[in-house]
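Pasting protein-v3.tsv here (TSV, C-alpha atoms):
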chain	number	residue	atom	x	y	z
A	29	MET	CA	31.85	1.57	-1.81
A	30	ASP	CA	29.22	0.02	0.38
A	31	VAL	CA	28.21	-3.60	0.56
A	32	ILE	CA	24.45	-4.09	0.49
A	33	ARG	CA	21.97	-6.87	0.16
A	34	CYS	CA	19.10	-6.84	-2.34
A	35	GLU	CA	15.78	-6.84	-0.47
A	36	VAL	CA	14.06	-8.82	-3.19
A	37	CYS	CA	16.41	-11.66	-4.13
A	38	GLY	CA	18.95	-11.51	-1.33
A	39	ALA	CA	22.07	-11.14	-3.47
A	40	THR	CA	24.97	-9.41	-1.74
A	41	GLN	CA	26.70	-6.81	-3.86
A	42	SER	CA	28.82	-3.71	-3.69
A	43	LEU	CA	27.19	-0.37	-4.22
A	44	PRO	CA	29.14	2.50	-5.78
A	45	SER	CA	28.49	5.92	-4.32
A	46	LEU	CA	25.39	7.34	-5.98
A	47	GLU	CA	24.78	10.88	-7.03
A	48	PRO	CA	21.47	12.42	-5.96
A	49	ARG	CA	18.47	11.11	-7.91
A	50	ARG	CA	20.47	8.28	-9.50
A	51	ARG	CA	19.16	4.79	-8.87
A	52	ALA	CA	21.01	1.50	-8.57
A	53	PHE	CA	19.56	-1.84	-9.58
A	54	CYS	CA	20.39	-5.33	-8.37
A	55	TYR	CA	22.86	-7.02	-10.75
A	56	ARG	CA	20.89	-10.25	-10.53
A	57	CYS	CA	17.15	-9.62	-10.30
A	58	LYS	CA	17.13	-5.99	-11.57
A	59	SER	CA	15.09	-4.63	-8.66
A	60	GLU	CA	15.94	-1.21	-7.35
A	61	VAL	CA	18.41	-1.58	-4.49
A	62	ALA	CA	19.33	2.01	-3.69
A	63	ARG	CA	18.59	5.56	-4.57
A	64	GLY	CA	21.01	8.44	-4.43
A	65	ALA	CA	19.68	10.64	-1.66
A	66	THR	CA	20.24	14.35	-1.50
A	67	LEU	CA	21.39	14.11	2.07
A	68	SER	CA	19.41	17.17	2.99
A	69	LEU	CA	16.15	16.61	4.80
A	70	ASP	CA	14.81	20.11	4.09
A	71	ALA	CA	12.74	19.25	1.01
A	72	PRO	CA	11.15	16.03	2.32
A	73	LEU	CA	10.42	17.71	5.65
A	74	ALA	CA	8.76	20.72	4.01
A	75	LEU	CA	6.67	18.47	1.73
A	76	CYS	CA	5.60	16.19	4.60
A	77	LEU	CA	4.63	19.19	6.73
A	78	ALA	CA	2.58	20.58	3.82
A	79	ALA	CA	0.90	17.18	3.46
A	80	LEU	CA	0.13	17.16	7.18
A	81	ILE	CA	-1.50	20.61	6.99
A	82	PHE	CA	-3.68	19.54	4.07
A	83	TRP	CA	-4.47	16.29	5.92
A	84	VAL	CA	-5.94	18.33	8.79
A	85	LEU	CA	-7.88	20.57	6.36
A	86	ALA	CA	-9.15	17.68	4.24
A	87	ASN	CA	-10.53	15.99	7.32
A	88	SER	CA	-12.21	19.00	8.85
A	89	ILE	CA	-14.04	20.75	6.02
A	90	PRO	CA	-16.91	19.57	3.75
A	91	PHE	CA	-15.82	16.97	1.21
A	92	ILE	CA	-18.70	16.58	-1.25
A	93	THR	CA	-22.21	18.06	-1.29
A	94	LEU	CA	-25.11	16.20	-2.90
A	95	GLN	CA	-28.48	17.67	-3.78
A	96	TYR	CA	-31.46	15.42	-4.39
A	97	GLY	CA	-35.12	16.31	-4.51
A	98	GLY	CA	-34.63	19.58	-2.65
A	99	ILE	CA	-32.57	18.04	0.11
A	100	THR	CA	-28.88	18.81	0.52
A	101	GLN	CA	-26.46	16.36	2.07
A	102	THR	CA	-22.84	17.27	2.87
A	103	ASN	CA	-20.23	14.78	3.98
A	104	ARG	CA	-16.72	14.83	5.33
A	105	VAL	CA	-14.08	12.15	4.96
A	106	PHE	CA	-14.94	10.84	8.40
A	107	THR	CA	-18.67	10.59	7.60
A	108	GLY	CA	-17.92	7.63	5.33
A	109	VAL	CA	-16.35	5.83	8.27
A	110	SER	CA	-19.15	6.59	10.72
A	111	ALA	CA	-21.87	5.72	8.18
A	112	LEU	CA	-20.34	2.26	7.79
A	113	TRP	CA	-20.16	1.92	11.57
A	114	MET	CA	-23.87	2.85	11.91
A	115	ASP	CA	-24.60	0.23	9.25
A	116	ARG	CA	-22.94	-2.30	11.58
A	117	GLN	CA	-20.22	-2.87	8.97
A	118	PHE	CA	-17.51	-2.64	11.62
A	119	PHE	CA	-14.75	-4.31	9.62
A	120	LEU	CA	-15.32	-2.07	6.60
A	121	SER	CA	-15.56	1.00	8.81
A	122	VAL	CA	-12.23	0.32	10.55
A	123	LEU	CA	-10.55	-0.63	7.26
A	124	VAL	CA	-11.64	2.57	5.50
A	125	GLY	CA	-10.80	4.74	8.52
A	126	MET	CA	-7.34	3.24	8.88
A	127	THR	CA	-6.32	3.31	5.20
A	128	SER	CA	-7.73	6.73	4.30
A	129	ILE	CA	-7.28	8.78	7.48
A	130	ALA	CA	-5.45	7.21	10.39
A	131	ILE	CA	-2.43	5.49	8.82
A	132	PRO	CA	-1.52	8.31	6.37
A	133	GLY	CA	-1.72	10.82	9.24
A	134	LEU	CA	0.33	8.65	11.59
A	135	GLN	CA	2.85	8.02	8.83
A	136	LEU	CA	3.35	11.73	8.13
A	137	THR	CA	3.51	12.67	11.82
A	138	LEU	CA	6.12	10.00	12.54
A	139	ALA	CA	8.14	10.85	9.42
A	140	CYS	CA	8.20	14.56	10.36
A	141	GLY	CA	9.12	13.70	13.95
A	142	LEU	CA	11.89	11.43	12.77
A	143	MET	CA	13.34	14.02	10.41
A	144	LEU	CA	13.22	16.71	13.10
A	145	ALA	CA	14.94	14.35	15.53
A	146	LEU	CA	17.70	13.62	13.01
A	147	LYS	CA	18.12	17.33	12.43
A	148	GLN	CA	18.45	17.82	16.19
A	149	GLY	CA	21.41	15.45	16.07
A	150	ILE	CA	19.77	12.40	17.65
A	151	SER	CA	21.67	9.35	16.45
A	152	GLY	CA	20.00	7.29	13.75
A	153	ASP	CA	20.50	4.04	15.67
A	154	LYS	CA	18.07	5.17	18.37
A	155	LEU	CA	15.45	5.95	15.72
A	156	ARG	CA	15.59	2.56	14.02
A	157	PRO	CA	12.57	1.03	15.80
A	158	LEU	CA	10.54	4.02	14.64
A	159	SER	CA	11.68	3.67	11.03
A	160	ARG	CA	10.97	-0.06	11.13
A	161	PHE	CA	7.45	0.71	12.38
A	162	LEU	CA	7.02	3.24	9.56
A	163	ALA	CA	8.01	0.61	6.99
A	164	PHE	CA	5.56	-1.80	8.62
A	165	ILE	CA	2.53	0.50	8.36
A	166	ALA	CA	3.39	1.89	4.91
A	167	PRO	CA	1.35	-0.68	2.90
A	168	GLY	CA	-1.77	0.34	4.81
A	169	SER	CA	-1.68	3.93	3.63
A	170	MET	CA	-3.76	4.60	0.51
A	171	PRO	CA	-4.64	8.29	-0.01
A	172	GLY	CA	-4.15	8.05	-3.80
A	173	VAL	CA	-6.49	5.08	-4.07
A	174	TYR	CA	-9.05	6.90	-1.93
A	175	LEU	CA	-8.91	9.88	-4.29
A	176	VAL	CA	-9.66	7.66	-7.30
A	177	GLY	CA	-12.47	6.07	-5.27
A	178	ALA	CA	-13.92	9.54	-4.61
A	179	PHE	CA	-13.73	10.29	-8.35
A	180	VAL	CA	-15.59	7.07	-9.23
A	181	ALA	CA	-18.23	7.66	-6.54
A	182	ALA	CA	-18.70	11.25	-7.73
A	183	VAL	CA	-19.21	10.17	-11.35
A	184	LYS	CA	-21.69	7.47	-10.32
A	185	LEU	CA	-23.66	9.79	-8.04
A	186	SER	CA	-23.75	12.67	-10.51
A	187	GLN	CA	-26.12	10.54	-12.58
A	188	LEU	CA	-28.51	10.39	-9.66
A	189	ALA	CA	-28.29	13.84	-8.15
A	190	THR	CA	-26.55	17.20	-8.35
A	191	LEU	CA	-23.08	16.90	-6.95
A	192	THR	CA	-20.79	19.73	-5.84
A	193	PRO	CA	-17.18	19.04	-4.86
A	194	GLY	CA	-16.42	20.75	-1.55
A	195	PRO	CA	-13.14	22.43	-0.52
A	196	GLY	CA	-12.27	19.31	1.44
A	197	LEU	CA	-11.97	17.33	-1.78
A	198	TYR	CA	-9.40	19.77	-3.20
A	199	CYS	CA	-7.53	19.72	0.10
A	200	PHE	CA	-7.54	15.92	-0.03
A	201	GLY	CA	-6.07	16.10	-3.54
A	202	ALA	CA	-3.32	18.43	-2.33
A	203	PHE	CA	-2.73	16.17	0.67
A	204	ALA	CA	-2.39	13.08	-1.57
A	205	LEU	CA	0.02	14.94	-3.87
A	206	PHE	CA	2.28	16.21	-1.06
A	207	TRP	CA	2.09	12.79	0.59
A	208	VAL	CA	3.49	11.15	-2.55
A	209	LEU	CA	6.14	13.84	-3.10
A	210	GLY	CA	7.18	14.05	0.56
A	211	LEU	CA	7.43	10.38	1.44
A	212	GLY	CA	8.70	9.56	-2.05
A	213	SER	CA	11.66	11.92	-1.72
A	214	LEU	CA	12.52	10.65	1.74
A	215	ASP	CA	14.97	7.74	1.80
A	216	LEU	CA	14.64	6.85	5.45
A	217	GLU	CA	17.28	4.10	5.39
A	218	ALA	CA	19.92	6.41	3.94
A	219	ALA	CA	18.91	9.31	6.19
A	220	ILE	CA	19.19	7.22	9.34
A	221	LYS	CA	22.52	5.82	8.28
A	222	ASP	CA	24.27	8.86	6.91
A	223	PHE	CA	22.49	12.06	7.91
A	224	ARG	CA	24.64	14.40	9.97
A	225	PRO	CA	23.18	17.74	11.02
A	226	ARG	CA	25.17	20.69	9.76
A	227	ARG	CA	27.22	22.13	12.57
A	228	SER	CA	26.83	25.83	12.97
A	229	VAL	CA	30.14	27.59	12.44
A	230	ARG	CA	30.73	30.68	14.47
B	2	MET	CA	32.45	-18.84	9.30
B	3	LYS	CA	31.04	-16.73	6.52
B	4	ARG	CA	30.18	-13.08	6.17
B	5	VAL	CA	26.56	-12.02	6.23
B	6	ILE	CA	25.34	-8.53	5.50
B	7	CYS	CA	22.83	-7.25	8.05
B	8	PRO	CA	19.65	-6.33	6.14
B	9	GLN	CA	19.04	-3.40	8.45
B	10	CYS	CA	22.29	-1.58	9.16
B	11	GLY	CA	24.41	-3.06	6.39
B	12	ASP	CA	27.24	-4.22	8.63
B	13	ALA	CA	29.10	-7.34	7.63
B	14	CYS	CA	28.76	-9.88	10.42
B	15	GLY	CA	30.56	-13.17	10.92
B	16	ALA	CA	28.23	-16.16	11.10
B	17	PRO	CA	28.78	-19.91	11.45
B	18	GLU	CA	28.00	-21.94	8.33
B	19	GLU	CA	25.05	-23.72	9.84
B	20	ALA	CA	23.05	-21.76	12.33
B	21	ARG	CA	20.76	-23.62	14.69
B	22	LYS	CA	18.85	-20.61	15.84
B	23	GLN	CA	18.06	-17.12	14.65
B	24	LEU	CA	21.20	-15.00	14.53
B	25	LEU	CA	21.05	-11.32	15.42
B	26	CYS	CA	23.26	-8.56	14.10
B	27	PRO	CA	25.73	-7.63	16.88
B	28	GLY	CA	25.39	-3.95	15.98
B	29	CYS	CA	21.69	-3.25	15.61
B	30	LYS	CA	20.14	-6.53	16.84
B	31	ALA	CA	18.15	-7.08	13.65
B	32	PRO	CA	17.56	-10.68	12.63
B	33	LEU	CA	20.05	-11.85	10.01
B	34	THR	CA	17.57	-13.39	7.63
B	35	GLU	CA	20.08	-15.03	5.31
B	36	ASN	CA	21.29	-17.14	8.18
B	37	SER	CA	18.02	-17.85	9.88
B	38	PRO	CA	16.75	-21.39	9.56
B	39	PRO	CA	14.80	-21.40	6.31
B	40	GLN	CA	11.27	-20.29	7.01
B	41	ASP	CA	8.94	-21.67	4.45
B	42	SER	CA	6.24	-19.12	3.83
B	43	THR	CA	4.74	-21.18	0.99
B	44	SER	CA	2.00	-22.78	3.06
B	45	ARG	CA	1.02	-19.44	4.59
B	46	VAL	CA	0.77	-17.81	1.18
B	47	TRP	CA	-1.30	-20.75	-0.09
B	48	ALA	CA	-3.64	-20.51	2.91
B	49	LEU	CA	-4.20	-16.78	2.36
B	50	LEU	CA	-4.69	-17.26	-1.38
B	51	ILE	CA	-7.20	-20.09	-0.99
B	52	ALA	CA	-9.17	-18.08	1.55
B	53	ALA	CA	-9.15	-15.13	-0.86
B	54	ALA	CA	-10.25	-17.30	-3.78
B	55	ILE	CA	-13.15	-18.74	-1.75
B	56	LEU	CA	-14.34	-15.31	-0.64
B	57	TYR	CA	-13.96	-13.95	-4.17
B	58	VAL	CA	-17.14	-15.89	-5.06
B	59	PRO	CA	-19.55	-14.28	-2.54
B	60	ALA	CA	-17.78	-10.95	-3.07
B	61	ASN	CA	-19.00	-11.05	-6.66
B	62	LEU	CA	-22.34	-12.80	-6.19
B	63	LEU	CA	-23.67	-10.91	-3.16
B	64	PRO	CA	-24.73	-7.27	-3.51
B	65	ILE	CA	-22.22	-4.63	-2.42
B	66	PHE	CA	-25.01	-2.05	-2.27
B	67	ASP	CA	-28.50	-2.33	-0.81
B	68	MET	CA	-30.43	0.70	-1.93
B	69	GLU	CA	-33.86	2.13	-1.68
B	70	LEU	CA	-34.88	4.61	-4.35
B	71	VAL	CA	-38.30	6.24	-3.89
B	72	GLY	CA	-39.51	3.37	-1.74
B	73	ARG	CA	-38.32	0.66	-4.13
B	74	PRO	CA	-35.62	-1.59	-2.66
B	75	SER	CA	-32.95	-2.91	-5.02
B	76	SER	CA	-29.36	-4.04	-4.85
B	77	ASP	CA	-26.23	-3.91	-6.92
B	78	THR	CA	-23.36	-6.36	-7.27
B	79	ILE	CA	-19.86	-5.38	-8.36
B	80	LEU	CA	-20.44	-6.61	-11.91
B	81	GLY	CA	-23.90	-5.03	-11.98
B	82	GLY	CA	-22.42	-1.66	-11.08
B	83	ILE	CA	-19.80	-1.97	-13.82
B	84	ALA	CA	-22.45	-3.00	-16.36
B	85	ALA	CA	-24.56	0.02	-15.39
B	86	LEU	CA	-21.57	2.33	-15.91
B	87	PHE	CA	-20.88	0.83	-19.33
B	88	ALA	CA	-24.55	0.97	-20.25
B	89	SER	CA	-24.71	4.70	-19.56
B	90	GLY	CA	-21.63	5.30	-21.68
B	91	MET	CA	-19.15	5.85	-18.85
B	92	TRP	CA	-16.48	3.69	-20.42
B	93	PHE	CA	-13.54	5.28	-18.64
B	94	VAL	CA	-14.91	5.03	-15.11
B	95	GLY	CA	-16.39	1.60	-15.83
B	96	GLY	CA	-12.95	0.51	-17.05
B	97	ILE	CA	-11.27	1.74	-13.86
B	98	VAL	CA	-13.74	-0.14	-11.66
B	99	PHE	CA	-13.50	-3.27	-13.82
B	100	LEU	CA	-9.70	-3.24	-13.57
B	101	ALA	CA	-9.65	-2.51	-9.84
B	102	SER	CA	-12.43	-4.86	-8.70
B	103	ILE	CA	-12.32	-7.77	-11.11
B	104	VAL	CA	-8.99	-7.94	-12.95
B	105	ILE	CA	-6.53	-6.98	-10.19
B	106	PRO	CA	-7.81	-9.41	-7.50
B	107	LEU	CA	-7.91	-12.25	-10.06
B	108	LEU	CA	-4.46	-11.34	-11.36
B	109	LYS	CA	-3.09	-11.37	-7.83
B	110	ILE	CA	-4.61	-14.75	-6.93
B	111	LEU	CA	-3.59	-16.40	-10.21
B	112	GLY	CA	-0.18	-14.69	-10.40
B	113	LEU	CA	0.87	-15.63	-6.87
B	114	SER	CA	-0.36	-19.21	-7.39
B	115	PHE	CA	1.72	-19.37	-10.54
B	116	LEU	CA	4.77	-18.07	-8.68
B	117	LEU	CA	4.29	-20.60	-5.87
B	118	ILE	CA	3.95	-23.50	-8.30
B	119	SER	CA	6.76	-22.48	-10.61
B	120	THR	CA	9.37	-21.56	-7.95
B	121	SER	CA	10.82	-25.06	-7.70
B	122	ARG	CA	11.00	-25.44	-11.48
B	123	LEU	CA	12.63	-22.19	-12.45
B	124	GLY	CA	15.47	-22.80	-14.86
B	125	GLY	CA	17.57	-19.99	-16.26
B	126	VAL	CA	18.16	-16.43	-15.23
B	127	GLU	CA	15.60	-15.18	-17.74
B	128	ALA	CA	12.74	-17.11	-16.11
B	129	ARG	CA	13.78	-15.88	-12.68
B	130	LEU	CA	13.92	-12.31	-13.90
B	131	ALA	CA	10.44	-12.58	-15.38
B	132	SER	CA	9.09	-14.10	-12.15
B	133	THR	CA	10.66	-11.35	-10.06
B	134	ARG	CA	9.10	-8.75	-12.33
B	135	LEU	CA	5.70	-10.45	-11.97
B	136	TYR	CA	6.09	-10.48	-8.19
B	137	ARG	CA	6.96	-6.78	-8.06
B	138	ALA	CA	3.96	-5.95	-10.25
B	139	ILE	CA	1.61	-7.99	-8.04
B	140	GLU	CA	2.91	-6.31	-4.91
B	141	SER	CA	2.59	-2.78	-6.26
B	142	ILE	CA	-0.91	-3.03	-7.75
B	143	GLY	CA	-2.33	-4.48	-4.53
B	144	PRO	CA	-3.91	-1.39	-2.90
B	145	TRP	CA	-5.72	-0.32	-6.07
B	146	SER	CA	-8.44	-2.92	-5.63
B	147	MET	CA	-9.58	-0.93	-2.58
B	148	ILE	CA	-11.28	1.58	-4.91
B	149	ASP	CA	-14.68	-0.09	-4.70
B	150	VAL	CA	-14.56	-0.23	-0.91
B	151	PHE	CA	-13.96	3.53	-0.81
B	152	VAL	CA	-16.78	4.07	-3.32
B	153	VAL	CA	-19.16	2.18	-1.00
B	154	SER	CA	-18.07	4.24	2.01
B	155	LEU	CA	-18.49	7.58	0.20
B	156	THR	CA	-21.78	6.64	-1.42
B	157	ILE	CA	-23.55	5.48	1.71
B	158	SER	CA	-22.40	8.56	3.62
B	159	LEU	CA	-23.72	10.87	0.88
B	160	VAL	CA	-26.99	9.25	-0.13
B	161	GLN	CA	-29.02	9.50	3.05
B	162	PHE	CA	-32.22	11.16	1.91
B	163	GLY	CA	-34.60	9.26	4.12
B	164	ARG	CA	-37.43	7.76	2.12
B	165	LEU	CA	-36.40	9.34	-1.16
B	166	ALA	CA	-33.14	7.51	-1.52
B	167	SER	CA	-30.80	5.69	0.81
B	168	PHE	CA	-27.87	3.36	0.30
B	169	SER	CA	-26.29	0.90	2.67
B	170	ALA	CA	-23.40	-1.52	2.31
B	171	GLY	CA	-24.38	-5.02	1.27
B	172	PRO	CA	-22.77	-8.29	2.44
B	173	GLY	CA	-20.68	-8.47	-0.73
B	174	ALA	CA	-18.79	-5.32	0.26
B	175	ALA	CA	-17.31	-6.87	3.41
B	176	CYS	CA	-16.42	-10.07	1.50
B	177	PHE	CA	-14.70	-8.03	-1.17
B	178	ALA	CA	-12.76	-5.98	1.40
B	179	VAL	CA	-11.55	-9.22	3.04
B	180	VAL	CA	-10.42	-10.50	-0.39
B	181	VAL	CA	-8.40	-7.32	-0.89
B	182	VAL	CA	-6.79	-7.55	2.55
B	183	LEU	CA	-6.03	-11.28	2.16
B	184	THR	CA	-4.39	-10.82	-1.25
B	185	ILE	CA	-2.27	-7.93	0.03
B	186	MET	CA	-1.19	-10.10	2.98
B	187	ALA	CA	-0.44	-13.01	0.64
B	188	ALA	CA	1.71	-10.85	-1.63
B	189	ARG	CA	3.66	-9.58	1.36
B	190	SER	CA	4.08	-13.05	2.86
B	191	PHE	CA	5.55	-14.38	-0.35
B	192	ASP	CA	9.31	-14.49	-0.03
B	193	PRO	CA	10.91	-13.45	-3.35
B	194	HIS	CA	14.23	-14.92	-2.18
B	195	THR	CA	12.81	-18.32	-3.07
B	196	LEU	CA	12.80	-17.26	-6.72
B	197	TRP	CA	16.60	-17.08	-6.57
B	198	ALA	CA	17.37	-19.71	-3.98
B	199	ILE	CA	18.50	-22.55	-6.22
B	200	PRO	CA	22.10	-22.18	-7.43
B	201	GLU	CA	22.16	-20.53	-10.82
B	202	GLU	CA	23.32	-22.24	-13.97
B	203	LYS	CA	25.98	-20.74	-16.18
B	204	ARG	CA	25.11	-17.35	-17.50
Represent the structure from my file as structure tokens, please.
Amino acid sequence: MDVIRCEVCGATQSLPSLEPRRRAFCYRCKSEVARGATLSLDAPLALCLAALIFWVLANSIPFITLQYGGITQTNRVFTGVSALWMDRQFFLSVLVGMTSIAIPGLQLTLACGLMLALKQGISGDKLRPLSRFLAFIAPGSMPGVYLVGAFVAAVKLSQLATLTPGPGLYCFGAFALFWVLGLGSLDLEAAIKDFRPRRSVR
Amino acid sequence: MKRVICPQCGDACGAPEEARKQLLCPGCKAPLTENSPPQDSTSRVWALLIAAAILYVPANLLPIFDMELVGRPSSDTILGGIAALFASGMWFVGGIVFLASIVIPLLKILGLSFLLISTSRLGGVEARLASTRLYRAIESIGPWSMIDVFVVSLTISLVQFGRLASFSAGPGAACFAVVVVLTIMAARSFDPHTLWAIPEEKR
């Protein structure tokens, strides 16, 4: 039995030990207070690494191609950021760049680093500042929203011109999927508190 | 002395009944929020909400797109874009944009205002539960209003065909993006503890 405090309403309560994938809710305000973690970091690490690979691909290959009056225009994810910058829309440019590219990438890199460090046996207490920083930047990461935005833009533009989705778009979809699965299956609080690397037995 | 649970490491710490300054957990040095002098975030949330509500007007009135199609300049507001989608029969996509750009920002501004006003008057457990649920919903739908900002960024990077057709971001786009950021900040500044702060009545 652990004693925990609900993040939402602040009620202190005891938490029974949870089996993997079971969730516990606050007795008072019914918000989720804990999730039974499968104390292995293998699955979240693999998913986050996959997301990171697709993040690199999605950002380096053509995203969407548009054909209009005999002219072809291809963009990448970053082109949207630089086009806004050229337009002197600096705030929009930074906002889009941070939420669609920079923060998700930073988040995944840090999460992978943190999991690898835990697996190496580095004590969770030393990694707390890093996990606090990860929680701080999390609301600024929006790959799923960006994907829906790309869908809406594609539908709108297909009325105007011929539009071909590039490989980068599919990679971005895979990246968003692995991002959700990887970070969703990682309970950083529990991992930092309870993860112990398996000792090799000889 | 009473026991306080550290929000970060979960250790039970001893704390004097009335703390004069911020107490830190002896183990992990995280601030013990339950024992910190009450920080009233209400005025900050109000400030962010009012700023968002003011900017919501130009965000909807000013064009988010300035475009030039075959030499003819025109512009498009958020509502104009949605109307065009509906007019061409794209109900699904039009619905997504309508939800993300019009309904969600309004819902967040009105919902948080309602929470701020009603906090001090909450009666039974049921009302508190409903308010907490409303708060969680407002917090989780926040990022989805960014859709239109991403649409602007993708569109202007794709439609650069010189004199034939070119798009650029209008002044409404920046206003709208600020509204989104302000409402997300307001939702995160709101302290849901206040919904439960007053001693409960009998259950």
B:Val152, B:Leu108, B:Met186, B:Val126 ranked by distance to chain A, top pick (using only C-alpha atoms): B:Val152
Compile the residues of chain B that lie within 8 Å of chain A, evaluated using all atoms listed in the file, and express the compilation as a PyMOL selection string. chain B and resi 6-8+10-11+29+35+86+94+98+129-130+133+144-145+147-162+165+169-170+174-175+178+193-197
Which residue out of A:Ala204, A:Leu216, A:Leu146, A:Ile89 has the minimum interatomic distance to Gly133 (chain A) when all atoms listed in the file are used? A:Ala204
Could you work out how far CA of Thr184 (chain B) lies from CA of Leu49 (chain B), giving the answer in Å with one decimal?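 One can read the CA of Leu49 (chain B) to CA of Thr184 (chain B) distance as 7.0 Å.
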Residue neighbourhood Leu75 (chain A), 10 Å, all atoms listed in the file, exclusion window fewer than 4 positions, as a list of chain:residue names: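 Within the cut-off, the hits are A:Asp70, A:Ala71, A:Ala79, A:Leu80, A:Ile81, A:Leu136, A:Cys140, A:Phe203, A:Leu205, A:Phe206, A:Trp207, A:Val208, A:Leu209, A:Gly210, A:Leu211, A:Gly212, A:Ser213, A:Leu214.
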Counting all atoms listed in the file, find the residues whose atoms lie at most 12 Å from (1.9, 12.4, 12.3) (file coordinates) and write them out as a list in words.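 Every polymer residue passing the test: Cys76, Leu77, Ala78, Ala79, Leu80, Ile81, Trp83, Val84, Ile129, Ala130, Ile131, Pro132, Gly133, Leu134, Gln135, Leu136, Thr137, Leu138, Ala139, Cys140, Gly141, Leu142, Met143, Leu162 and Trp207 of chain A.
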Taking into account all atoms listed in the file, which residue in the set B:Leu113, B:Ile103, B:Leu50, B:Gly15 is nearest to Asp192 (chain B)?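 Ranked by minimum distance to Asp192 (chain B), first place goes to B:Leu113.
What separates CA of Gly149 (chain A) from CA of Pro72 (chain A) is a distance of 17.2 Å.
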Any idea what's packed within 12 Å of Ile118 (chain B), counting only C-alpha atoms, ignoring anything in its chain fewer than 4 positions away? Could you give it as a list in words?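 So the residues in contact are Thr43, Ser44, Val46, Trp47, Leu111, Gly112, Leu113, Ser114, Arg122, Leu123, Ser132, Thr195 and Leu196 of chain B.
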Here CA of Met91 (chain B) and CA of Ala86 (chain A) stand apart by 27.8 Å
What lies within 9 Å of Leu70 (chain B) using all atoms listed in the file, ignoring chain neighbours under 5 positions off, as a PyMOL selection string? chain B and resi 75+164-168
Between A:Ala166, A:Ala62, A:Cys199, A:Ala145, which is the closest to Ser42 (chain A) once you count only C-alpha atoms? A:Ala62
